[in-house]
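Down below is the structure, laid out as structure tokens.
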Amino acid sequence: MLDFRLRAYEYWKKMIAPEWACVHYLEIDYQNILYYSAPKEKKQLNSLDEVDPNILDTFEKLGIPLTEQKRLANVAVDAIFDSVSIGTTFREELSKVGVIFCPISEALKQCPNLVKQYLGTVVPIGDNYFAALNSAVFSEGSFCYIPVGVTCPLELSTYFRINNEESGQFERTLIIADKDSKVSYLEGCTAPKFDKNQLHAAVVELVALDNAEINYSTVQNWYSGDNRGIGGIYNFVTKRGLCAGRNSKISWTQVETGSSITWKYPSCVLVGDNSVGEFYSVALTNNYQQADTGTKMIHVGQNTKSRIISKGISAGNSKNTYRGQVKMGTKAHNSVNYSQCDSMLIGDKCQANTFPYIQVNNSTSRVEHEASTSKIEEEQLFYFLQRGIDFESAVSLLISGFCKDVFSELPMEFALEADKLLSLKLEGSVG
Amino acid sequence: MSSNKQSKVLLEIKELKASIGPKEILKGLNLQLRSGEVHAIMGKNGSGKSTLAKIIAGHPAYTITEGDITFETESIIDVEPEIRSQKGIFLGFQYPVEIPGVSNADFLRLSYNARRKYQGLSELEPLEFFEFINDKLSIVDMNPDFLNRNVNEGFSGGEKKRNEILQMAILETKVSILDETDSGLDIDALKIVSNGINELANESNAILLITHYQRLLDYIKPDFVHVMQDGRIIKTGDSSLAKELESKGYDWLK
């Protein structure tokens, strides 16, 4: 491990921060970052009455159940619903079918060979500036292994939501789906998450072997700074999935609403013949938020298929960029890609960009790209109002209509929460 | 004239002046609608007819500088547009907007439930609403398929206008202002729409038709015809006035 980190550090020292993205930020002082801090005991509150009423208001609007509200606000919960015990139950159920799901530090002790075999194979240590930084200093993260032929009995989301431990600044996630296995994983939470760490440079690696399927969903609502854009988190994440085996499938679904700057391209490398990569994304920016997000679909094997549905919503003074690459390799015969990138503008001070990079190196592949830009018009809103439908309902209907294709990919209860989350984030920004 | 002078005043506009930006559009307009009455406003382009319709509905782009609008004797000029709608004021748009991604069924149900809620009635669940709306579709000769389509998206001109009348029907509105509902309709669609409106007109509501053409008034017989010019009503008569306008144009007035 030490060697892995040192090599990454050497790489990182030689690299410069990428400047091609459509985002602007002050230079980061990398010497001034605490690379490891032991989690401190948070002050426990005795009842919800002691919690900031603004936060409770947000929970209310999102429809988060009371016990979960308490947990998120760090209020002591009754013993029966204690998150640790539920966590343990889940873990028992998973281990019955042989699924390993644990912090990556624990995995290094429990199954060092598996970690060693796959860590850094999808995102090499020198892949990019932030990935190199992560490889050098990552302290925590999740590890998940699904054995041959197993369909993971739980949405790993549920587990994760209940065990929302202090997530590290440099998280590292590695998920391996062995032959004929299947897993669905959800990270994040719709509840607003405050964090004192300004820079987050996580790396997520997924590996799908023959006939395996991984669905990875993200709902991100990190603190995005105040309405003048001060404070807020920089989210510079490298996420990549490798469809290593035949007929394997990796699907990314993301709902990005938080962070002051998002720089993120969940990608698929389709090596196995007949493998499938999918990317469904909703990125919402408001106030002074900046998002440069999209995907890469690298077709290497034959008959590989990829599908990209990206919905960008920009409001306020924000900037929202889709950047996507589709590459058909010389041997990726008969491969197909379909991309659809839609942008919605709210107000007249925001920006939406679409940068598709398409490269086809063989004559039997097909690539389709569609893009559209729309605006919520005053006349549309007046139409709703004239039919007695209030402003907030109108905006939320318009937004969920726009995002329908993506939300349908999320687990049911998250789709509902995500829907409400978007309306909440846009409150007061239309009209 | 068919209406009874003693019937209830639903909408009253008194000395109304209104502008958009620096431009004054309504310059002291008076109008009274009683229950059971059908009125028609005619006039040249740019005389302020559509503006009047939008101002009654509460469009935020216009400012009322003088005068008042009352609905059932209460002033509504400071009432939010969605509340005016819930009270029973309906505007059938000249150009109904397309709303991508939102199904007609959802839209109609939300609208219907908003009015029900205001009236203190229980809201209908999607399935209950589906039964309710299915019965109403025949008023404008609509195919049930259209409930699954997005609001006005890809609708023909005739379908859009029929959709407006369907909304008027389900909301059981008290005052309906229909802004050029006849424009862009072929003769068959015009018949369907007019029949729908006639079916909905009753002793407890009032209808204000805004139109350029006599042909709509061949199907719907108004009790009063007003001529609007330069932000005011300059002449009021019965349905024979519309015929006179058809043959003589507007210039003989004033």
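Residues are named by chain letter and number: chains run A, B, ... in the order of the structure tokens, numbers start at 1 in each chain, and ligands are numbered from 1 in the order shown.
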With chain B as the partner and 7 Å as the cut-off, tabulate the residues of chain A that qualify, each row holding the nearest pair of atoms and their distance in Å to one decimal, using only C-alpha atoms, sorted by chain and rising number, as JSON lines.
```
{"residue": "A:Gln380", "atom": "CA", "partner": "B:Val97", "partner_atom": "CA", "distance": 6.1}
{"residue": "A:Phe382", "atom": "CA", "partner": "B:His59", "partner_atom": "CA", "distance": 6.9}
{"residue": "A:Leu385", "atom": "CA", "partner": "B:Glu82", "partner_atom": "CA", "distance": 4.5}
{"residue": "A:Gln386", "atom": "CA", "partner": "B:Ser85", "partner_atom": "CA", "distance": 5.5}
{"residue": "A:Arg387", "atom": "CA", "partner": "B:Ser111", "partner_atom": "CA", "distance": 5.4}
{"residue": "A:Gly388", "atom": "CA", "partner": "B:Glu82", "partner_atom": "CA", "distance": 4.1}
{"residue": "A:Ile389", "atom": "CA", "partner": "B:Ser111", "partner_atom": "CA", "distance": 5.7}
{"residue": "A:Asp390", "atom": "CA", "partner": "B:Glu82", "partner_atom": "CA", "distance": 6.0}
{"residue": "A:Leu397", "atom": "CA", "partner": "B:Val102", "partner_atom": "CA", "distance": 6.6}
{"residue": "A:Leu398", "atom": "CA", "partner": "B:Val102", "partner_atom": "CA", "distance": 6.6}
{"residue": "A:Gly401", "atom": "CA", "partner": "B:Gly101", "partner_atom": "CA", "distance": 3.8}
{"residue": "A:Phe402", "atom": "CA", "partner": "B:Gly101", "partner_atom": "CA", "distance": 5.6}
```
Hey, what's within 10 Å of B:Leu147 if we count only C-alpha atoms and toss same-chain stuff fewer than 4 positions away? As a list in words, please?
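Result of the neighbour search: Ser103, Asn104, Ala105, Asp106, Phe107, Leu108, Phe130, Ile133, Asn134, Leu137, Met142, Asn143, Val151 and Asn163 of chain B.
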Those same residues, written as a PDB file, in the first residue's frame with N, CA and C atoms?
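File produced: part_16.pdb:
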```pdb
ATOM      1  N   SER B 103     -48.144  15.653 -18.056  1.00  0.00           N
ATOM      2  CA  SER B 103     -49.271  15.046 -18.765  1.00  0.00           C
ATOM      3  C   SER B 103     -50.547  15.844 -18.527  1.00  0.00           C
ATOM      4  N   ASN B 104     -51.380  15.812 -19.538  1.00  0.00           N
ATOM      5  CA  ASN B 104     -52.659  16.511 -19.456  1.00  0.00           C
ATOM      6  C   ASN B 104     -53.464  16.040 -18.256  1.00  0.00           C
ATOM      7  N   ALA B 105     -53.442  14.731 -18.003  1.00  0.00           N
ATOM      8  CA  ALA B 105     -54.223  14.181 -16.892  1.00  0.00           C
ATOM      9  C   ALA B 105     -53.753  14.774 -15.564  1.00  0.00           C
ATOM     10  N   ASP B 106     -52.436  14.836 -15.371  1.00  0.00           N
ATOM     11  CA  ASP B 106     -51.904  15.407 -14.127  1.00  0.00           C
ATOM     12  C   ASP B 106     -52.254  16.878 -14.003  1.00  0.00           C
ATOM     13  N   PHE B 107     -52.094  17.570 -15.112  1.00  0.00           N
ATOM     14  CA  PHE B 107     -52.354  19.010 -15.104  1.00  0.00           C
ATOM     15  C   PHE B 107     -53.816  19.299 -14.762  1.00  0.00           C
ATOM     16  N   LEU B 108     -54.702  18.592 -15.432  1.00  0.00           N
ATOM     17  CA  LEU B 108     -56.130  18.826 -15.209  1.00  0.00           C
ATOM     18  C   LEU B 108     -56.517  18.467 -13.778  1.00  0.00           C
ATOM     19  N   PHE B 130     -59.913  10.211 -12.963  1.00  0.00           N
ATOM     20  CA  PHE B 130     -59.949   9.628 -14.295  1.00  0.00           C
ATOM     21  C   PHE B 130     -61.398   9.323 -14.716  1.00  0.00           C
ATOM     22  N   ILE B 133     -63.195  12.713 -15.342  1.00  0.00           N
ATOM     23  CA  ILE B 133     -62.809  13.425 -16.565  1.00  0.00           C
ATOM     24  C   ILE B 133     -63.304  12.692 -17.810  1.00  0.00           C
ATOM     25  N   ASN B 134     -63.338  11.379 -17.722  1.00  0.00           N
ATOM     26  CA  ASN B 134     -63.813  10.611 -18.866  1.00  0.00           C
ATOM     27  C   ASN B 134     -65.222  11.011 -19.297  1.00  0.00           C
ATOM     28  N   LEU B 137     -65.158  14.391 -21.310  1.00  0.00           N
ATOM     29  CA  LEU B 137     -64.484  14.478 -22.603  1.00  0.00           C
ATOM     30  C   LEU B 137     -65.451  14.689 -23.767  1.00  0.00           C
ATOM     31  N   MET B 142     -63.484  14.801 -27.298  1.00  0.00           N
ATOM     32  CA  MET B 142     -62.070  14.463 -27.180  1.00  0.00           C
ATOM     33  C   MET B 142     -61.884  12.959 -27.017  1.00  0.00           C
ATOM     34  N   ASN B 143     -60.831  12.433 -27.626  1.00  0.00           N
ATOM     35  CA  ASN B 143     -60.448  11.049 -27.466  1.00  0.00           C
ATOM     36  C   ASN B 143     -59.711  10.898 -26.124  1.00  0.00           C
ATOM     37  N   VAL B 151     -49.344  18.400 -21.928  1.00  0.00           N
ATOM     38  CA  VAL B 151     -50.260  19.533 -22.072  1.00  0.00           C
ATOM     39  C   VAL B 151     -49.964  20.328 -23.349  1.00  0.00           C
ATOM     40  N   ASN B 163     -59.168  21.776 -25.662  1.00  0.00           N
ATOM     41  CA  ASN B 163     -58.607  21.522 -24.333  1.00  0.00           C
ATOM     42  C   ASN B 163     -58.958  22.674 -23.384  1.00  0.00           C
TER      43      ASN B 163
END
```
Using only C-alpha atoms, determine which residues lie at most 12 Å from B:Leu16, disregarding the query and same-chain residues fewer than 3 positions distant; provide the list as a list of chain:residue names.
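Non-adjacent residues within range: B:Glu12, B:Ile13, B:Ser19, B:Glu24, B:Ile25, B:Leu26, B:Lys27, B:Gly28, B:Leu29, B:Asn30, B:Leu31, B:Gly48, B:Thr51, B:Leu52, B:Ile55, B:Ile56, B:Thr63, B:Ile64, B:Thr65, B:Glu66, B:Gly67, B:Asp68, B:Ile69, B:Thr70, B:Ile77, B:Gly231, B:Arg232, B:Ile233.
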Quick one, how far is atom CA of A:Ser363 from atom CA of A:Ala244?
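Taking atom CA of A:Ser363 and atom CA of A:Ala244, their separation equals 23.4 Å.
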In Å, how far is it from atom CA of A:Lys425 to atom CA of A:Lys264?
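Atom CA of A:Lys264 lies 20.1 Å from atom CA of A:Lys425.
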Between atom CA of A:Ala177 and atom CA of A:Thr293, what is the spacing in Å?
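Value for the atom CA of A:Thr293-atom CA of A:Ala177 distance: 25.6 Å.
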Can you list, as a list in words, every protein, DNA or RNA residue that comes within 8 Å of B:Lys49 when you count only C-alpha atoms, leaving out same-chain residues fewer than 3 positions away?
Ile41, Met42, Gly43, Gly46, Leu52, Ala53, Ile210, Met228 and Gly231 of chain B
Any chance you can output those residues with C-alpha atoms as a compact mmCIF listing (two decimals), in the first residue's frame?
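Contents of again14.txt, freshly written:
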```
# COMPACT_ATOMS: atom_id res chain seq x y z
CA ILE B 41 -66.09 42.20 -27.14
CA MET B 42 -65.07 43.06 -30.67
CA GLY B 43 -62.56 45.53 -31.97
CA GLY B 46 -54.33 46.55 -30.70
CA LEU B 52 -58.22 43.26 -20.71
CA ALA B 53 -58.55 39.48 -20.57
CA ILE B 210 -63.35 38.17 -27.33
CA MET B 228 -63.52 48.29 -27.94
CA GLY B 231 -58.53 51.04 -24.38
```
Close residues, A:Gln325 itself excluded, 7 Å, only C-alpha atoms, min 4 positions apart in chain, as a PyMOL selection string:
chain A and resi 295-297+356-358
Between B:Leu127, B:Val175, B:Leu241, B:Ile192, which is the closest to B:Ser204 once you count only C-alpha atoms?
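Looking at the shortest contact to B:Ser204, the residue is B:Val175.
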Which residues come within 7 Å of A:Tyr9, counting only C-alpha atoms, excluding same-chain residues fewer than 4 positions away, as a PyMOL selection string?
chain A and resi 5+13+132-133+136
I'd like to know which residues of stretch 110-238 of chain B are strand (DSSP E) (by DSSP, run on the backbone); could you write them as a list in words?
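So the strand (DSSP E) residues in stretch 110-238 of chain B would be Asn150, Val151, Val175, Ser176, Ile177, Leu178, Asp179, Ala206, Ile207, Leu208, Leu209, Ile210, Phe224, Val225, His226, Val227, Met228, Gln229, Arg232, Ile233, Ile234, Lys235, Thr236 and Gly237 of chain B.
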Residues from the last selection, N, CA and C atoms, saved as a CSV table (one decimal), in the first residue's frame:
```csv
chain,number,residue,atom,x,y,z
B,150,ASN,N,-48.7,15.2,-23.3
B,150,ASN,CA,-48.3,16.3,-22.6
B,150,ASN,C,-49.2,17.5,-22.9
B,151,VAL,N,-49.3,18.4,-21.9
B,151,VAL,CA,-50.3,19.5,-22.1
B,151,VAL,C,-50.0,20.3,-23.3
B,175,VAL,N,-67.0,33.0,-14.1
B,175,VAL,CA,-66.8,34.0,-15.2
B,175,VAL,C,-65.7,33.4,-16.1
B,176,SER,N,-66.1,33.2,-17.4
B,176,SER,CA,-65.1,32.7,-18.4
B,176,SER,C,-64.9,33.7,-19.4
B,177,ILE,N,-63.6,34.0,-19.6
B,177,ILE,CA,-63.2,35.0,-20.6
B,177,ILE,C,-62.5,34.1,-21.7
B,178,LEU,N,-63.1,34.2,-22.9
B,178,LEU,CA,-62.6,33.3,-24.0
B,178,LEU,C,-61.9,34.2,-25.0
B,179,ASP,N,-60.6,34.2,-25.0
B,179,ASP,CA,-59.9,35.1,-25.9
B,179,ASP,C,-59.6,34.5,-27.2
B,206,ALA,N,-71.3,33.6,-16.2
B,206,ALA,CA,-71.2,34.6,-17.3
B,206,ALA,C,-70.1,34.3,-18.2
B,207,ILE,N,-70.2,34.6,-19.4
B,207,ILE,CA,-69.2,34.3,-20.4
B,207,ILE,C,-68.9,35.6,-21.2
B,208,LEU,N,-67.6,35.9,-21.3
B,208,LEU,CA,-67.1,37.0,-22.1
B,208,LEU,C,-66.3,36.5,-23.3
B,209,LEU,N,-66.9,36.7,-24.5
B,209,LEU,CA,-66.2,36.2,-25.7
B,209,LEU,C,-65.4,37.4,-26.3
B,210,ILE,N,-64.1,37.2,-26.6
B,210,ILE,CA,-63.3,38.2,-27.3
B,210,ILE,C,-63.1,37.6,-28.7
B,224,PHE,N,-75.0,40.8,-25.2
B,224,PHE,CA,-74.4,42.2,-25.4
B,224,PHE,C,-73.2,42.1,-26.3
B,225,VAL,N,-73.1,43.1,-27.2
B,225,VAL,CA,-71.9,43.2,-28.0
B,225,VAL,C,-71.3,44.5,-27.7
B,226,HIS,N,-70.0,44.5,-27.3
B,226,HIS,CA,-69.3,45.8,-27.1
B,226,HIS,C,-68.2,46.0,-28.1
B,227,VAL,N,-68.0,47.2,-28.5
B,227,VAL,CA,-66.9,47.5,-29.4
B,227,VAL,C,-65.8,48.2,-28.6
B,228,MET,N,-64.6,47.7,-28.7
B,228,MET,CA,-63.5,48.3,-27.9
B,228,MET,C,-62.6,49.0,-28.9
B,229,GLN,N,-62.2,50.2,-28.5
B,229,GLN,CA,-61.2,51.0,-29.3
B,229,GLN,C,-60.4,51.8,-28.4
B,232,ARG,N,-60.9,51.6,-24.5
B,232,ARG,CA,-62.2,51.9,-23.9
B,232,ARG,C,-63.3,51.1,-24.7
B,233,ILE,N,-64.4,51.0,-24.0
B,233,ILE,CA,-65.6,50.5,-24.8
B,233,ILE,C,-66.3,51.7,-25.3
B,234,ILE,N,-66.4,51.7,-26.7
B,234,ILE,CA,-67.0,52.9,-27.3
B,234,ILE,C,-68.5,52.7,-27.7
B,235,LYS,N,-68.9,51.5,-27.8
B,235,LYS,CA,-70.3,51.3,-28.1
B,235,LYS,C,-70.8,49.9,-27.6
B,236,THR,N,-72.0,49.9,-27.2
B,236,THR,CA,-72.6,48.6,-26.7
B,236,THR,C,-73.9,48.4,-27.3
B,237,GLY,N,-74.2,47.2,-27.8
B,237,GLY,CA,-75.5,46.9,-28.4
B,237,GLY,C,-75.9,45.5,-28.2
```
Residue contacts of A:Val183 (8 Å, only C-alpha atoms) excluding same-chain residues fewer than 6 positions away, as a PyMOL selection string
chain A and resi 146+151-152+155-156+177+213-215
For the residues selected in the previous step, produce a file with C-alpha atoms as an mmCIF file, in the first residue's frame.
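Here's the written file part_29.cif:
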```cif
data_model
loop_
_atom_site.group_PDB
_atom_site.id
_atom_site.type_symbol
_atom_site.label_atom_id
_atom_site.label_comp_id
_atom_site.auth_asym_id
_atom_site.auth_seq_id
_atom_site.Cartn_x
_atom_site.Cartn_y
_atom_site.Cartn_z
ATOM 1 C CA ILE A 146 -20.269 -9.619 -4.906
ATOM 2 C CA THR A 151 -27.675 -11.075 -6.748
ATOM 3 C CA CYS A 152 -27.126 -8.780 -3.804
ATOM 4 C CA GLU A 155 -30.107 -2.244 -2.191
ATOM 5 C CA LEU A 156 -26.811 -1.215 -0.708
ATOM 6 C CA ALA A 177 -19.128 -7.680 -9.247
ATOM 7 C CA GLU A 213 -24.414 -5.844 -13.558
ATOM 8 C CA ILE A 214 -23.717 -2.798 -11.385
ATOM 9 C CA ASN A 215 -26.136 0.076 -10.881
#
```
